[in-house]
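Peer 1: Dropping in input25.csv, with CSV, C-alpha atoms.
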```csv
chain,number,residue,atom,x,y,z
A,1,MET,CA,52.0,-25.8,-30.8
A,2,ASN,CA,52.7,-25.1,-27.1
A,3,LYS,CA,53.7,-27.9,-24.7
A,4,THR,CA,50.3,-28.0,-23.0
A,5,ARG,CA,48.4,-28.5,-26.3
A,6,LEU,CA,50.9,-31.1,-27.4
A,7,LEU,CA,50.4,-33.0,-24.2
A,8,PHE,CA,46.6,-32.8,-24.6
A,9,PHE,CA,46.6,-34.3,-28.1
A,10,THR,CA,49.1,-36.9,-27.1
A,11,CYS,CA,46.8,-38.1,-24.3
A,12,CYS,CA,43.8,-38.1,-26.5
A,13,THR,CA,45.6,-40.2,-29.1
A,14,PHE,CA,46.7,-42.6,-26.4
A,15,LEU,CA,43.2,-42.9,-25.0
A,16,PHE,CA,41.7,-43.4,-28.5
A,17,THR,CA,44.2,-46.2,-29.3
A,18,ALA,CA,43.6,-47.9,-25.9
A,19,CYS,CA,39.8,-47.8,-26.5
A,20,GLN,CA,40.3,-49.4,-30.0
A,21,ASN,CA,42.5,-52.1,-28.5
A,22,ASN,CA,40.0,-52.9,-25.8
A,23,GLN,CA,37.2,-53.1,-28.3
A,24,GLN,CA,39.2,-55.5,-30.4
A,25,LYS,CA,39.9,-57.7,-27.4
A,26,GLU,CA,36.3,-57.8,-26.5
A,27,GLU,CA,35.1,-58.9,-29.9
A,28,PRO,CA,34.8,-62.7,-29.7
A,29,ALA,CA,36.8,-64.7,-32.2
A,30,ASN,CA,34.9,-66.9,-34.6
A,31,VAL,CA,34.4,-70.4,-33.3
A,32,GLU,CA,34.2,-73.2,-35.8
A,33,GLU,CA,31.0,-75.2,-35.7
A,34,ILE,CA,31.5,-78.7,-34.3
A,35,LYS,CA,29.6,-81.2,-36.3
A,36,LEU,CA,28.7,-84.7,-35.4
A,37,ASN,CA,31.2,-87.1,-36.9
A,38,ALA,CA,32.3,-90.7,-36.3
A,39,ASP,CA,34.7,-89.8,-33.5
A,40,ILE,CA,32.2,-87.7,-31.6
A,41,ALA,CA,29.5,-90.2,-32.2
A,42,LYS,CA,31.6,-92.9,-30.7
A,43,SER,CA,32.3,-90.9,-27.6
A,44,ILE,CA,28.7,-90.0,-27.0
A,45,PHE,CA,27.6,-93.6,-27.8
A,46,SER,CA,29.9,-95.0,-25.2
A,47,LEU,CA,28.1,-93.1,-22.4
A,48,PRO,CA,24.6,-94.5,-22.4
A,49,THR,CA,25.8,-97.9,-23.6
A,50,HIS,CA,28.1,-98.0,-20.6
A,51,CYS,CA,25.3,-97.2,-18.1
A,52,LEU,CA,22.2,-98.7,-19.6
A,53,GLN,CA,22.6,-101.8,-17.5
A,54,ILE,CA,24.2,-100.1,-14.4
A,55,GLU,CA,21.5,-100.4,-11.8
A,56,TYR,CA,23.3,-98.5,-9.0
A,57,PRO,CA,23.7,-95.8,-7.9
A,58,ASN,CA,20.0,-95.1,-8.7
A,59,LYS,CA,17.6,-92.2,-7.9
A,60,LEU,CA,14.2,-93.8,-7.9
A,61,GLY,CA,12.1,-90.7,-7.3
A,62,GLN,CA,8.8,-92.5,-6.6
A,63,VAL,CA,6.2,-92.2,-3.9
A,64,ILE,CA,6.2,-95.3,-1.6
A,65,GLY,CA,2.7,-96.5,-0.9
A,66,SER,CA,3.5,-99.6,1.2
A,67,ASP,CA,6.2,-102.1,1.9
A,68,ALA,CA,5.3,-103.8,-1.3
A,69,ASP,CA,6.7,-100.9,-3.2
A,70,LEU,CA,10.2,-101.4,-1.8
A,71,LYS,CA,11.8,-103.1,-4.8
A,72,THR,CA,15.0,-102.9,-6.8
A,73,PRO,CA,15.1,-100.4,-9.7
A,74,LYS,CA,15.2,-103.3,-12.2
A,75,SER,CA,12.2,-104.9,-10.6
A,76,LEU,CA,10.2,-101.7,-10.8
A,77,ARG,CA,11.4,-100.6,-14.3
A,78,PRO,CA,12.8,-103.5,-16.2
A,79,VAL,CA,13.3,-101.4,-19.4
A,80,PHE,CA,14.5,-98.1,-18.0
A,81,TYR,CA,16.4,-99.0,-14.8
A,82,GLY,CA,20.0,-97.9,-15.7
A,83,CYS,CA,21.8,-94.6,-16.0
A,84,PHE,CA,21.0,-93.3,-12.5
A,85,ASP,CA,17.3,-92.4,-13.0
A,86,TRP,CA,14.3,-93.1,-15.3
A,87,HIS,CA,14.5,-90.1,-17.6
A,88,SER,CA,18.3,-90.5,-18.1
A,89,SER,CA,17.8,-94.1,-19.1
A,90,VAL,CA,15.0,-93.1,-21.5
A,91,HIS,CA,17.0,-90.4,-23.3
A,92,GLY,CA,20.1,-92.7,-23.2
A,93,TYR,CA,18.0,-95.1,-25.4
A,94,TRP,CA,17.2,-92.2,-27.6
A,95,SER,CA,20.8,-91.3,-28.0
A,96,ILE,CA,21.7,-94.9,-28.9
A,97,VAL,CA,19.0,-95.2,-31.4
A,98,LYS,CA,19.7,-91.9,-33.1
A,99,LEU,CA,23.4,-92.7,-33.3
A,100,MET,CA,22.9,-96.3,-34.6
A,101,LYS,CA,20.7,-95.0,-37.4
A,102,GLU,CA,23.5,-92.7,-38.6
A,103,PHE,CA,26.5,-94.7,-37.6
A,104,PRO,CA,25.5,-98.4,-37.8
A,105,GLU,CA,29.2,-99.4,-37.4
A,106,LEU,CA,28.9,-98.5,-33.7
A,107,ASP,CA,27.2,-101.8,-33.1
A,108,THR,CA,28.7,-104.1,-35.7
A,109,ASP,CA,28.6,-107.1,-33.3
A,110,GLY,CA,25.0,-106.5,-32.4
A,111,ALA,CA,25.7,-106.3,-28.6
A,112,ILE,CA,23.5,-103.3,-28.1
A,113,ARG,CA,20.7,-104.8,-30.2
A,114,LYS,CA,20.8,-107.8,-27.9
A,115,VAL,CA,20.4,-105.6,-24.9
A,116,PHE,CA,17.5,-103.7,-26.5
A,117,ASN,CA,15.8,-107.0,-27.5
A,118,ALA,CA,16.1,-108.2,-23.9
A,119,HIS,CA,14.8,-105.0,-22.4
A,120,ILE,CA,12.2,-103.6,-24.7
A,121,THR,CA,9.6,-106.4,-24.6
A,122,PRO,CA,5.8,-106.2,-24.3
A,123,GLU,CA,6.1,-107.9,-20.9
A,124,ASN,CA,8.7,-105.5,-19.5
A,125,VAL,CA,6.8,-102.5,-20.9
A,126,GLN,CA,3.6,-103.7,-19.2
A,127,VAL,CA,5.5,-103.6,-15.8
A,128,GLU,CA,6.7,-100.0,-16.6
A,129,LYS,CA,3.1,-99.0,-17.5
A,130,ALA,CA,1.7,-100.6,-14.3
A,131,PHE,CA,4.1,-98.4,-12.3
A,132,PHE,CA,2.7,-95.2,-14.0
A,133,GLU,CA,-0.8,-96.5,-13.3
A,134,ASP,CA,-0.1,-96.7,-9.5
A,135,LYS,CA,-2.2,-94.1,-7.8
A,136,ASN,CA,0.9,-92.8,-5.9
A,137,ASN,CA,2.8,-92.2,-9.1
A,138,LEU,CA,0.4,-90.9,-11.6
A,139,ASN,CA,2.5,-87.8,-12.1
A,140,PHE,CA,5.9,-89.6,-12.1
A,141,GLU,CA,8.3,-87.9,-14.5
A,142,ARG,CA,5.8,-85.3,-15.6
A,143,THR,CA,6.6,-83.9,-18.1
A,144,TYR,CA,10.3,-84.2,-18.7
A,145,GLY,CA,10.6,-87.9,-18.7
A,146,TRP,CA,7.4,-88.2,-20.7
A,147,ALA,CA,8.8,-85.9,-23.4
A,148,TRP,CA,12.0,-87.9,-23.7
A,149,LEU,CA,10.0,-91.1,-24.1
A,150,PHE,CA,8.2,-89.5,-27.0
A,151,LYS,CA,11.5,-88.5,-28.6
A,152,LEU,CA,12.7,-92.1,-28.3
A,153,GLN,CA,9.5,-93.3,-29.9
A,154,GLU,CA,9.9,-90.7,-32.7
A,155,GLU,CA,13.4,-91.9,-33.4
A,156,LEU,CA,12.2,-95.5,-33.6
A,157,HIS,CA,9.2,-94.5,-35.8
A,158,THR,CA,11.5,-93.0,-38.4
A,159,TRP,CA,13.9,-95.9,-38.5
A,160,GLU,CA,13.3,-98.4,-41.3
A,161,ASP,CA,14.7,-101.3,-39.3
A,162,ALA,CA,12.9,-104.5,-38.3
A,163,ASP,CA,14.1,-104.4,-34.7
A,164,ALA,CA,13.2,-100.7,-34.3
A,165,LYS,CA,9.6,-101.5,-35.5
A,166,LYS,CA,9.4,-104.2,-32.9
A,167,TRP,CA,10.6,-101.9,-30.1
A,168,GLU,CA,8.3,-99.2,-31.2
A,169,GLN,CA,5.3,-101.5,-31.1
A,170,ALA,CA,6.3,-102.7,-27.6
A,171,LEU,CA,6.6,-99.2,-26.2
A,172,GLN,CA,3.4,-97.9,-27.8
A,173,PRO,CA,1.0,-98.7,-24.9
A,174,LEU,CA,3.2,-96.7,-22.5
A,175,VAL,CA,3.5,-93.9,-25.0
A,176,ASP,CA,-0.2,-93.8,-25.5
A,177,LEU,CA,-0.9,-93.6,-21.8
A,178,LEU,CA,1.4,-90.7,-21.3
A,179,VAL,CA,0.2,-88.8,-24.4
A,180,GLN,CA,-3.4,-89.1,-23.0
A,181,ARG,CA,-2.2,-88.0,-19.5
A,182,TYR,CA,-0.3,-85.0,-21.0
A,183,MET,CA,-3.4,-83.9,-22.9
A,184,GLU,CA,-5.5,-84.1,-19.7
A,185,TYR,CA,-2.9,-82.2,-17.8
A,186,LEU,CA,-2.3,-79.2,-20.1
A,187,PRO,CA,-5.7,-77.5,-19.7
A,188,LYS,CA,-5.2,-77.7,-15.9
A,189,LEU,CA,-1.8,-75.9,-16.1
A,190,VAL,CA,-2.9,-72.3,-15.5
A,191,TYR,CA,0.6,-71.0,-15.4
A,192,PRO,CA,3.7,-72.3,-17.2
A,193,ILE,CA,6.6,-73.7,-15.1
A,194,ARG,CA,9.6,-71.5,-15.8
A,195,ALA,CA,12.3,-73.5,-14.0
A,196,GLY,CA,15.7,-74.1,-15.3
A,197,GLN,CA,15.5,-77.8,-14.6
A,198,HIS,CA,13.3,-80.9,-15.4
A,199,ASP,CA,9.9,-79.2,-14.7
A,200,ASN,CA,10.3,-76.5,-17.4
A,201,SER,CA,7.1,-76.5,-19.3
A,202,ALA,CA,8.5,-75.2,-22.6
A,203,PHE,CA,11.1,-77.9,-22.9
A,204,GLY,CA,8.6,-80.7,-22.4
A,205,LEU,CA,6.2,-79.2,-24.9
A,206,SER,CA,9.0,-78.7,-27.4
A,207,LEU,CA,10.2,-82.3,-27.4
A,208,SER,CA,6.6,-83.6,-27.3
A,209,LEU,CA,5.6,-81.5,-30.3
A,210,ASP,CA,8.4,-83.0,-32.4
A,211,TYR,CA,7.0,-86.5,-31.7
A,212,ALA,CA,3.4,-85.4,-32.3
A,213,LYS,CA,4.3,-83.9,-35.7
A,214,THR,CA,6.4,-86.9,-36.8
A,215,VAL,CA,3.6,-89.4,-36.1
A,216,ASN,CA,1.0,-87.0,-37.3
A,217,ASN,CA,-1.1,-87.1,-34.0
A,218,GLN,CA,-3.3,-84.1,-34.8
A,219,ASN,CA,-5.0,-84.1,-31.5
A,220,PHE,CA,-1.7,-84.0,-29.6
A,221,ILE,CA,-0.4,-81.3,-32.0
A,222,LYS,CA,-3.5,-79.2,-31.4
A,223,SER,CA,-3.3,-79.6,-27.6
A,224,ILE,CA,0.3,-78.6,-27.4
A,225,SER,CA,0.1,-75.7,-29.9
A,226,GLU,CA,-3.0,-74.2,-28.3
A,227,ASN,CA,-1.8,-74.5,-24.8
A,228,ALA,CA,1.7,-73.2,-25.6
A,229,ASP,CA,0.1,-70.2,-27.2
A,230,ARG,CA,-2.2,-69.7,-24.2
A,231,LEU,CA,0.7,-70.0,-21.8
A,232,TYR,CA,3.3,-67.9,-23.6
A,233,HIS,CA,1.9,-65.6,-26.2
A,234,GLN,CA,1.5,-62.6,-24.0
A,235,ASP,CA,5.1,-62.8,-22.5
A,236,LYS,CA,7.4,-59.8,-22.9
A,237,ASN,CA,10.9,-58.8,-22.2
A,238,CYS,CA,12.4,-62.0,-20.9
A,239,ASN,CA,15.5,-61.0,-19.0
A,240,LEU,CA,18.5,-63.2,-19.5
A,241,ALA,CA,20.3,-61.2,-16.8
A,242,TYR,CA,18.6,-63.4,-14.2
A,243,GLU,CA,19.9,-66.6,-15.8
A,244,PRO,CA,21.3,-69.0,-15.1
A,245,SER,CA,20.6,-70.2,-11.6
A,246,GLY,CA,23.4,-72.2,-10.0
A,247,TYR,CA,22.3,-75.6,-11.3
A,248,ASP,CA,20.2,-74.9,-14.4
A,249,PHE,CA,20.5,-77.1,-17.4
A,250,LEU,CA,17.8,-75.3,-19.3
A,251,SER,CA,17.3,-71.6,-20.1
A,252,PRO,CA,13.7,-70.6,-19.4
A,253,CYS,CA,13.9,-67.6,-21.8
A,254,LEU,CA,15.5,-69.5,-24.7
A,255,GLU,CA,13.4,-72.7,-24.2
A,256,GLU,CA,10.3,-70.6,-24.5
A,257,ALA,CA,11.6,-68.8,-27.6
A,258,PHE,CA,12.5,-72.1,-29.2
A,259,LEU,CA,9.1,-73.6,-28.5
A,260,MET,CA,7.3,-70.7,-30.0
A,261,SER,CA,9.4,-71.0,-33.1
A,262,LYS,CA,7.8,-74.4,-33.6
A,263,ILE,CA,4.1,-73.3,-33.3
A,264,MET,CA,4.1,-69.8,-35.1
A,265,GLU,CA,4.5,-68.7,-38.7
A,266,SER,CA,7.8,-66.9,-39.3
A,267,SER,CA,6.3,-63.4,-39.6
A,268,ALA,CA,4.2,-63.7,-36.5
A,269,TYR,CA,7.1,-65.3,-34.6
A,270,ASP,CA,9.4,-62.5,-35.7
A,271,ALA,CA,7.0,-59.9,-34.2
A,272,TRP,CA,6.6,-61.9,-31.0
A,273,LEU,CA,10.3,-62.5,-30.5
A,274,LYS,CA,11.0,-58.8,-30.9
A,275,THR,CA,8.8,-58.2,-27.9
A,276,PHE,CA,9.9,-61.2,-26.0
A,277,MET,CA,13.7,-61.0,-26.4
A,278,PRO,CA,14.6,-57.9,-28.4
A,279,GLU,CA,18.3,-58.2,-27.5
A,280,LEU,CA,18.6,-61.2,-29.8
A,281,TYR,CA,18.3,-58.9,-32.8
A,282,ASP,CA,21.5,-57.0,-31.8
A,283,SER,CA,24.3,-58.4,-33.9
A,284,SER,CA,26.7,-57.7,-31.0
A,285,PHE,CA,24.5,-59.8,-28.6
A,286,LYS,CA,26.7,-61.9,-26.2
A,287,LEU,CA,26.1,-64.8,-24.0
A,288,GLU,CA,29.0,-66.5,-22.2
A,289,PRO,CA,29.1,-70.3,-21.7
A,290,ALA,CA,28.3,-71.4,-18.1
A,291,ILE,CA,31.2,-72.6,-16.0
A,292,VAL,CA,31.3,-75.8,-13.9
A,293,LYS,CA,33.5,-75.7,-10.9
A,294,ASP,CA,33.0,-79.2,-9.6
A,295,ARG,CA,32.3,-82.0,-12.1
A,296,THR,CA,31.6,-84.5,-9.3
A,297,ASP,CA,28.7,-82.5,-8.1
A,298,GLY,CA,25.5,-83.7,-9.7
A,299,LYS,CA,23.8,-80.3,-9.5
A,300,LEU,CA,26.7,-78.1,-10.5
A,301,VAL,CA,27.5,-80.2,-13.5
A,302,HIS,CA,24.0,-79.3,-14.8
A,303,LEU,CA,25.7,-76.2,-16.2
A,304,ASP,CA,27.4,-78.2,-18.9
A,305,GLY,CA,24.0,-79.3,-20.0
A,306,LEU,CA,22.9,-75.7,-20.1
A,307,ASN,CA,25.6,-74.9,-22.6
A,308,TYR,CA,24.2,-77.6,-24.9
A,309,SER,CA,20.5,-76.7,-24.4
A,310,ARG,CA,21.3,-73.1,-25.0
A,311,ALA,CA,23.1,-74.0,-28.2
A,312,ALA,CA,20.1,-76.1,-29.4
A,313,CYS,CA,17.7,-73.2,-28.8
A,314,LEU,CA,19.9,-70.6,-30.5
A,315,LYS,CA,20.4,-72.7,-33.5
A,316,GLY,CA,16.6,-73.5,-33.7
A,317,ILE,CA,15.7,-69.8,-33.4
A,318,ALA,CA,18.2,-68.9,-36.2
A,319,LEU,CA,16.7,-71.7,-38.4
A,320,LYS,CA,13.3,-70.1,-38.0
A,321,LEU,CA,14.6,-66.5,-38.6
A,322,PRO,CA,17.7,-66.5,-40.8
A,323,ALA,CA,18.2,-62.8,-40.0
A,324,LEU,CA,19.4,-64.0,-36.6
A,325,LYS,CA,22.1,-66.2,-38.0
A,326,HIS,CA,24.6,-64.4,-35.7
A,327,LEU,CA,23.1,-66.5,-32.9
A,328,ASN,CA,24.8,-69.6,-34.5
A,329,GLN,CA,28.2,-68.3,-33.5
A,330,ILE,CA,27.1,-68.1,-29.8
A,331,ALA,CA,25.7,-71.6,-30.1
A,332,HIS,CA,29.0,-73.0,-31.6
A,333,ALA,CA,31.0,-71.4,-28.7
A,334,HIS,CA,28.7,-73.0,-26.1
A,335,VAL,CA,29.1,-76.5,-27.7
A,336,ALA,CA,32.9,-76.0,-28.1
A,337,PHE,CA,33.2,-75.0,-24.4
A,338,SER,CA,31.7,-78.1,-23.0
A,339,ILE,CA,32.2,-80.9,-25.5
A,340,PRO,CA,35.7,-81.7,-24.4
A,341,ASN,CA,34.1,-83.2,-21.3
A,342,ILE,CA,32.3,-85.9,-23.3
A,343,SER,CA,34.2,-88.9,-22.1
A,344,LYS,CA,33.6,-92.0,-20.0
A,345,GLN,CA,36.6,-90.8,-17.9
A,346,ASP,CA,34.4,-87.9,-16.7
A,347,ASP,CA,32.5,-88.3,-13.4
A,348,TYR,CA,29.4,-90.4,-13.6
A,349,MET,CA,27.3,-87.5,-12.4
A,350,GLY,CA,27.8,-86.0,-15.8
A,351,THR,CA,28.4,-89.0,-18.0
A,352,HIS,CA,25.0,-90.7,-17.3
A,353,TRP,CA,23.1,-87.9,-19.1
A,354,LEU,CA,25.3,-85.1,-20.7
A,355,GLY,CA,25.9,-87.1,-23.9
A,356,THR,CA,22.2,-86.8,-24.8
A,357,PHE,CA,22.3,-83.0,-24.5
A,358,ALA,CA,25.4,-82.7,-26.6
A,359,LEU,CA,23.8,-84.9,-29.3
A,360,TYR,CA,20.6,-83.0,-29.2
A,361,ALA,CA,22.5,-79.7,-29.7
A,362,LEU,CA,24.5,-81.2,-32.6
A,363,SER,CA,21.3,-82.5,-34.2
A,364,ILE,CA,19.6,-79.1,-34.7
A,365,LYS,CA,20.5,-78.2,-38.2
```
Can the structure from this file be put into structure tokens for me?
Peer 2:
Amino acid sequence: MNKTRLLFFTCCTFLFTACQNNQQKEEPANVEEIKLNADIAKSIFSLPTHCLQIEYPNKLGQVIGSDADLKTPKSLRPVFYGCFDWHSSVHGYWSIVKLMKEFPELDTDGAIRKVFNAHITPENVQVEKAFFEDKNNLNFERTYGWAWLFKLQEELHTWEDADAKKWEQALQPLVDLLVQRYMEYLPKLVYPIRAGQHDNSAFGLSLSLDYAKTVNNQNFIKSISENADRLYHQDKNCNLAYEPSGYDFLSPCLEEAFLMSKIMESSAYDAWLKTFMPELYDSSFKLEPAIVKDRTDGKLVHLDGLNYSRAACLKGIALKLPALKHLNQIAHAHVAFSIPNISKQDDYMGTHWLGTFALYALSIK
């Protein structure tokens, strides 16, 4: 073999070896699934219990109709006034209830029950309901906050506990009002809202459907299912390359895919998903966790929430279609990336709400 040919084969061998090494480096290492345990539960529990009675800072978000509307958060919303804003307070209650059901030792002294008993009373709920009946605020928290209220009520409904039944009964008039309002709203929604934040239609529908199924509200189930099918059934080729926006905490593509998994039979869903997000069927599909550069920025820290909500969706899709079990590994990586930030020592812009999203992701199983 002459020197030229020897040099050629040497170069080829080097390049082939280099390519193999690069491929090996690019293959993600398996990430162990993080499961809800007593330590994680304690960390998450500390976040809403810490802020449930913290009235300020507070983002009210209402429309002011007159001087008479200028009241303190607690005067306006005597149940859900803490944790910075109404919806965060609501899903803070959801987190607490869910964790107390599974880990009753978190409230051995009954301190949280005492707070719940003082807050969730028929009189206080009537004040909250009156706020939603104000002509200037008929659409307040539509549909994100509404959906979290339904999840809270679902959690109470499934808890065989005397206090929980009392709280459920107290909240029911407000829940009934918002269920009716949701059902009136959906036929008017000609186009879905595909935002990566609170207004996202798929996320609200998904949480609300969970509640409707649990309490067996057939009219609500029918309304959600039919309108979700109308809004999303014809969608194709959702492009994750355009996600996320700089302060998303929801993935429009994945939230839609997760919702449709809840309203379609497996075979029909499989056919729909292959058209909607065909890349999910590639066993080498990748999705990197979102990065937060400033945890004191209330908008930028949304991206930690995105990691949790993506994980919930990916796990939910894989539950519906076991052939896509490789999505679980991506979900585990997203949770592992952000869960070290679950601590009261983190900035309040994250702690007042992120625990809920971590818990929701961990609860999909």
Peer 1: Identify which of the residues A:Ala318, A:Ile364, A:Cys83, A:Ala38 lies closest to Leu52 in chain A, counting all atoms listed in the file when measuring atom-to-atom distances.
Peer 2: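 The answer is A:Cys83, which sits nearest to Leu52 in chain A.
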Peer 1: Near Glu141 in chain A, within 9 Å and counting only C-alpha atoms, which residues show up once chain neighbours fewer than 5 positions away are dropped, as a list of chain:residue names?
Peer 2: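 The residues satisfying every condition are A:Gly61, A:Trp86, A:His87, A:Trp146, A:His198, A:Asp199.
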Peer 1: Report the closest atom pair, with its distance in Å rounded to one decimal, for each residue of range 103-222 of chain A that has an atom no farther than 12 Å from range 302-313 of chain A; count only C-alpha atoms, sort by chain and then rising residue number, and write it as a tab-separated table.
Peer 2:
```
residue	atom	partner	partner_atom	distance
A:Gly196	CA	A:Leu306	CA	8.8
A:Gln197	CA	A:His302	CA	8.6
A:His198	CA	A:His302	CA	10.8
A:Ala202	CA	A:Cys313	CA	11.3
A:Phe203	CA	A:Ser309	CA	9.6
A:Ser206	CA	A:Cys313	CA	10.4
A:Leu207	CA	A:Ala312	CA	11.9
```
Peer 1: Counting all atoms listed in the file, find the residues whose atoms lie at most 12 Å from (10.1, -73.3, -14.2) (file coordinates) and write them out as a PyMOL selection string.
Peer 2: chain A and resi 143-144+191-204+243+245+248-253+255-256
Peer 1: For the residues in the current selection, export C-alpha atoms as a CSV table (one decimal), in the coordinates of the input.
Peer 2:
```csv
chain,number,residue,atom,x,y,z
A,143,THR,CA,6.6,-83.9,-18.1
A,144,TYR,CA,10.3,-84.2,-18.7
A,191,TYR,CA,0.6,-71.0,-15.4
A,192,PRO,CA,3.7,-72.3,-17.2
A,193,ILE,CA,6.6,-73.7,-15.1
A,194,ARG,CA,9.6,-71.5,-15.8
A,195,ALA,CA,12.3,-73.5,-14.0
A,196,GLY,CA,15.7,-74.1,-15.3
A,197,GLN,CA,15.5,-77.8,-14.6
A,198,HIS,CA,13.3,-80.9,-15.4
A,199,ASP,CA,9.9,-79.2,-14.7
A,200,ASN,CA,10.3,-76.5,-17.4
A,201,SER,CA,7.1,-76.5,-19.3
A,202,ALA,CA,8.5,-75.2,-22.6
A,203,PHE,CA,11.1,-77.9,-22.9
A,204,GLY,CA,8.6,-80.7,-22.4
A,243,GLU,CA,19.9,-66.6,-15.8
A,245,SER,CA,20.6,-70.2,-11.6
A,248,ASP,CA,20.2,-74.9,-14.4
A,249,PHE,CA,20.5,-77.1,-17.4
A,250,LEU,CA,17.8,-75.3,-19.3
A,251,SER,CA,17.3,-71.6,-20.1
A,252,PRO,CA,13.7,-70.6,-19.4
A,253,CYS,CA,13.9,-67.6,-21.8
A,255,GLU,CA,13.4,-72.7,-24.2
A,256,GLU,CA,10.3,-70.6,-24.5
```
Peer 1: Could you tell me how far CA of Tyr242 in chain A lies from CA of Leu205 in chain A, in Å and to one decimal?
Peer 2: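 Between CA of Tyr242 in chain A and CA of Leu205 in chain A the gap is 22.8 Å.
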Peer 1: Taking into account only C-alpha atoms, which residue in the set A:Val335, A:Ile112, A:Asp69, A:Pro173 is nearest to Leu36 in chain A?
Peer 2: A:Val335
Peer 1: Counting only C-alpha atoms, figure out which residue out of A:Ala290, A:Leu76, A:Ala130, A:Leu156 gets nearest to Gln172 in chain A.
Peer 2: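 Among A:Ala290, A:Leu76, A:Ala130, A:Leu156, it is A:Leu156 that comes nearest to Gln172 in chain A.
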Peer 1: Using all atoms listed in the file for the distances, tell me which of A:Arg230, A:His157, A:Lys59, A:Lys236 is nearest to Thr214 in chain A.
Peer 2: A:His157
Peer 1: Suppose you want the space between CA of Ala268 in chain A and CA of Tyr232 in chain A; what is it in Å?
Peer 2: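 Taking CA of Ala268 in chain A and CA of Tyr232 in chain A, their separation equals 13.6 Å.
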Peer 1: List the neighbours of Thr121 in chain A out to 10 Å using all atoms listed in the file; skip same-chain residues closer than 2 positions along the sequence, and give me the result as an MDAnalysis selection string.
Peer 2: chainID A and resid 78:79 116:119 123:126 166:171
Peer 1: Can you tell me how far CA of Phe132 in chain A sits from CA of Gln218 in chain A, in Å to one decimal?
Peer 2: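 CA of Gln218 in chain A lies at a distance of 24.3 Å from CA of Phe132 in chain A.
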Peer 1: May I ask which of the residues A:Phe131, A:Thr108, A:Leu209, A:Leu254 is the closest one to Lys151 in chain A, counting all atoms listed in the file?
Peer 2: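 Under the stated criterion, the closest residue is A:Leu209.
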Peer 1: What's around Ser223 in chain A at 9 Å? Count all atoms listed in the file, leave out sequence neighbours fewer than 3 positions away in its own chain, and write the answer as a PDB file with C-alpha atoms, in the frame of the given file.
Peer 2:
```
ATOM      1  CA  MET A 183      -3.400 -83.900 -22.900  1.00  0.00           C
ATOM      2  CA  LEU A 186      -2.300 -79.200 -20.100  1.00  0.00           C
ATOM      3  CA  PRO A 187      -5.700 -77.500 -19.700  1.00  0.00           C
ATOM      4  CA  GLN A 218      -3.300 -84.100 -34.800  1.00  0.00           C
ATOM      5  CA  ASN A 219      -5.000 -84.100 -31.500  1.00  0.00           C
ATOM      6  CA  PHE A 220      -1.700 -84.000 -29.600  1.00  0.00           C
ATOM      7  CA  GLU A 226      -3.000 -74.200 -28.300  1.00  0.00           C
ATOM      8  CA  ASN A 227      -1.800 -74.500 -24.800  1.00  0.00           C
ATOM      9  CA  ALA A 228       1.700 -73.200 -25.600  1.00  0.00           C
TER      10      ALA A 228
END
```
Peer 1: Quick one: residues within 8 Å of Tyr81 in chain A, all atoms listed in the file counted, chain neighbours fewer than 4 positions away excluded, as an MDAnalysis selection string?
Peer 2: chainID A and resid 52:55 73:74 76:77 85:86 89
Peer 1: What's the 8 Å shell around Leu327 in chain A, counting only C-alpha atoms, without same-chain residues fewer than 5 positions away, as a PyMOL selection string?
Peer 2: chain A and resi 280+314-315+318
Peer 1: When you count only C-alpha atoms, which of these residues is closest to Ile120 in chain A: A:Lys101, A:Lys165, A:Phe84, A:Met264?
Peer 2: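 Of A:Lys101, A:Lys165, A:Phe84, A:Met264, the one nearest Ile120 in chain A is A:Lys165, counting only C-alpha atoms.
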